[in-house]
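Q: I am attaching a structure below and will ask some questions about it afterwards.
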Amino acid sequence: MRELISLSDFVGMFVTIFGIAVVVLVKNPEGNNFKFSRSIKGIVYALIGAFGQAFGLIFSKIGMGDYDPFAATQIRIIAGIVGFTVVILFMKKWDKLKEDVKNMDATKYLFFGSLFGPFLGVSFSLLAIQYTTTGVSSTITSIIPVLIIPLSIFVLKEKVYPKEILGAVISVIGVTILFVV
């Protein structure tokens with residue numbers, strides 16, 4: 001994409017990713033090696049999702065050019081609807097979809113989740129890549145786990161460990177380096 005990333009950008013990205021690693025890696029008590037504090041299967045799916053988002057962001061930046069990010073998001077959503085329709089068609093899950101849509105509580109939360117995630121979140125991330133490099137923008141949007149911590153504590157009543165808060169703080173320092181330096 002012919003984007004230039006400065007040394008301070010690399011440092012900021014490294015610090016941010018290190019903060020995330022602090023959360024997902026723990027030291028093995030029997031030795032000096034590390035292991036994952038989360039399910040390996042979950043981490044593999046997260047990595048696949050991250051690669052999908054990275055490729056989607058790159059292809060979107062190439063395809064979008066100077067086009068309006070909100071209109072570009074609409075195109076992405078339409079493509080997603082087509083993709084999910086194909087998946088549901090081949091899996092023959094139309095009855096399950098009809099049943100799930102009737103659950104009004106779930107539908108309400110999914111509506112607001114879609115409003116803030118795929119609509120506003122993706123639109124603003126596309127706007128960000130128009131004004132900065134894709135790598136910097138992608139690193140900043142990767143701090144979602146940090147932003148979720150207060151919601152996890154106060155809304156979902158989940159226990160957050162000091163190591164996770166430390167990783168979050170390190171990630172915020174990394175993002176600060178991207179902005180300040």
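Each chain of the structure tokens is named A, B, ... in the order shown, its residues numbered from 1; ligands are numbered from 1 in display order.
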Neighbouring residues of A:Val23 were defined as those with any atom within 7 Å, considering only C-alpha atoms; residues of the same chain fewer than 2 positions away were excluded. Please report them as a ChimeraX atom specification.

A: /A:19-21,25,163-164,167

Q: Neighbours of A:Ile5 within 9 Å (only C-alpha atoms; same-chain residues fewer than 4 positions away dropped), as an MDAnalysis selection string?

A: chainID A and resid 9:10 133 135:136

Q: Residues of the last selection are to be written out with N, CA and C atoms, as a PDB file, in the first residue's frame.

A:
ATOM      1  N   ASP A   9       5.958   4.772  15.402  1.00  0.00           N
ATOM      2  CA  ASP A   9       4.743   3.985  15.129  1.00  0.00           C
ATOM      3  C   ASP A   9       4.987   2.507  15.418  1.00  0.00           C
ATOM      4  N   PHE A  10       6.142   1.987  14.987  1.00  0.00           N
ATOM      5  CA  PHE A  10       6.478   0.592  15.282  1.00  0.00           C
ATOM      6  C   PHE A  10       6.558   0.352  16.789  1.00  0.00           C
ATOM      7  N   THR A 133      -2.245   5.879   8.566  1.00  0.00           N
ATOM      8  CA  THR A 133      -1.851   4.615   7.953  1.00  0.00           C
ATOM      9  C   THR A 133      -2.737   3.487   8.476  1.00  0.00           C
ATOM     10  N   GLY A 135      -1.871   0.497   9.407  1.00  0.00           N
ATOM     11  CA  GLY A 135      -1.282  -0.167  10.574  1.00  0.00           C
ATOM     12  C   GLY A 135      -1.561   0.571  11.868  1.00  0.00           C
ATOM     13  N   VAL A 136      -1.424   1.883  11.857  1.00  0.00           N
ATOM     14  CA  VAL A 136      -1.687   2.680  13.056  1.00  0.00           C
ATOM     15  C   VAL A 136      -3.169   2.606  13.412  1.00  0.00           C
TER      16      VAL A 136
END

Q: If you count only C-alpha atoms, which residues fall within 12 Å of A:Ala50, apart from same-chain ones fewer than 6 positions away, as a PyMOL selection string?

A: chain A and resi 43-44+56-57+138-139+141-142

Q: What's the 8 Å shell around A:Val11, counting only C-alpha atoms, without same-chain residues fewer than 3 positions away, as a ChimeraX atom specification?

A: /A:7-8,14-15,174,177

Q: Leaving out A:Gln74 and any residue of its chain fewer than 6 positions from it, which residues lie within 10 Å of it when counting only C-alpha atoms, given as number ranges by chain?

A: A: 80, 118-119, 122-123

Q: Leaving out A:Gly121 and any residue of its chain fewer than 3 positions from it, which residues lie within 12 Å of it when counting only C-alpha atoms, given as a count of residues only?

A: 18

Q: Check the smallest atom-to-atom distance from each of A:Asp95, A:Asp66, A:Glu3, A:Asp105 to A:Gln130 using only C-alpha atoms, then report the winner.

A: A:Asp66

Q: Which residue out of A:Leu120, A:Leu166, A:Val172, A:Thr132 has the minimum interatomic distance to A:Ala71 when only C-alpha atoms are used?

A: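 Using only C-alpha atoms, A:Ala71 sits closest to A:Leu120.
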
Q: Where in stretch 2-167 of chain A does DSSP assign alpha helix (DSSP H), given as a PyMOL selection string?

A: chain A and resi 7-24+40-64+69-91+94-101+104-114+122-131+134-141+144-154+162-167

Q: Quote the spacing between atom CA of A:Ile17 and atom CA of A:Ile165 in Å to one decimal place.

A: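 Rounded to one decimal, the two atoms are 14.3 Å apart.
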
Q: Between atom CA of A:Gly52 and atom CA of A:Phe18, what is the spacing in Å?

A: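 Separation of atom CA of A:Phe18 and atom CA of A:Gly52: 20.9 Å.
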
Q: Running DSSP on the backbone, which parts of stretch 4-94 of chain A land in strand (DSSP E or B), as a ChimeraX atom specification?

A: /A:25-27,34-36
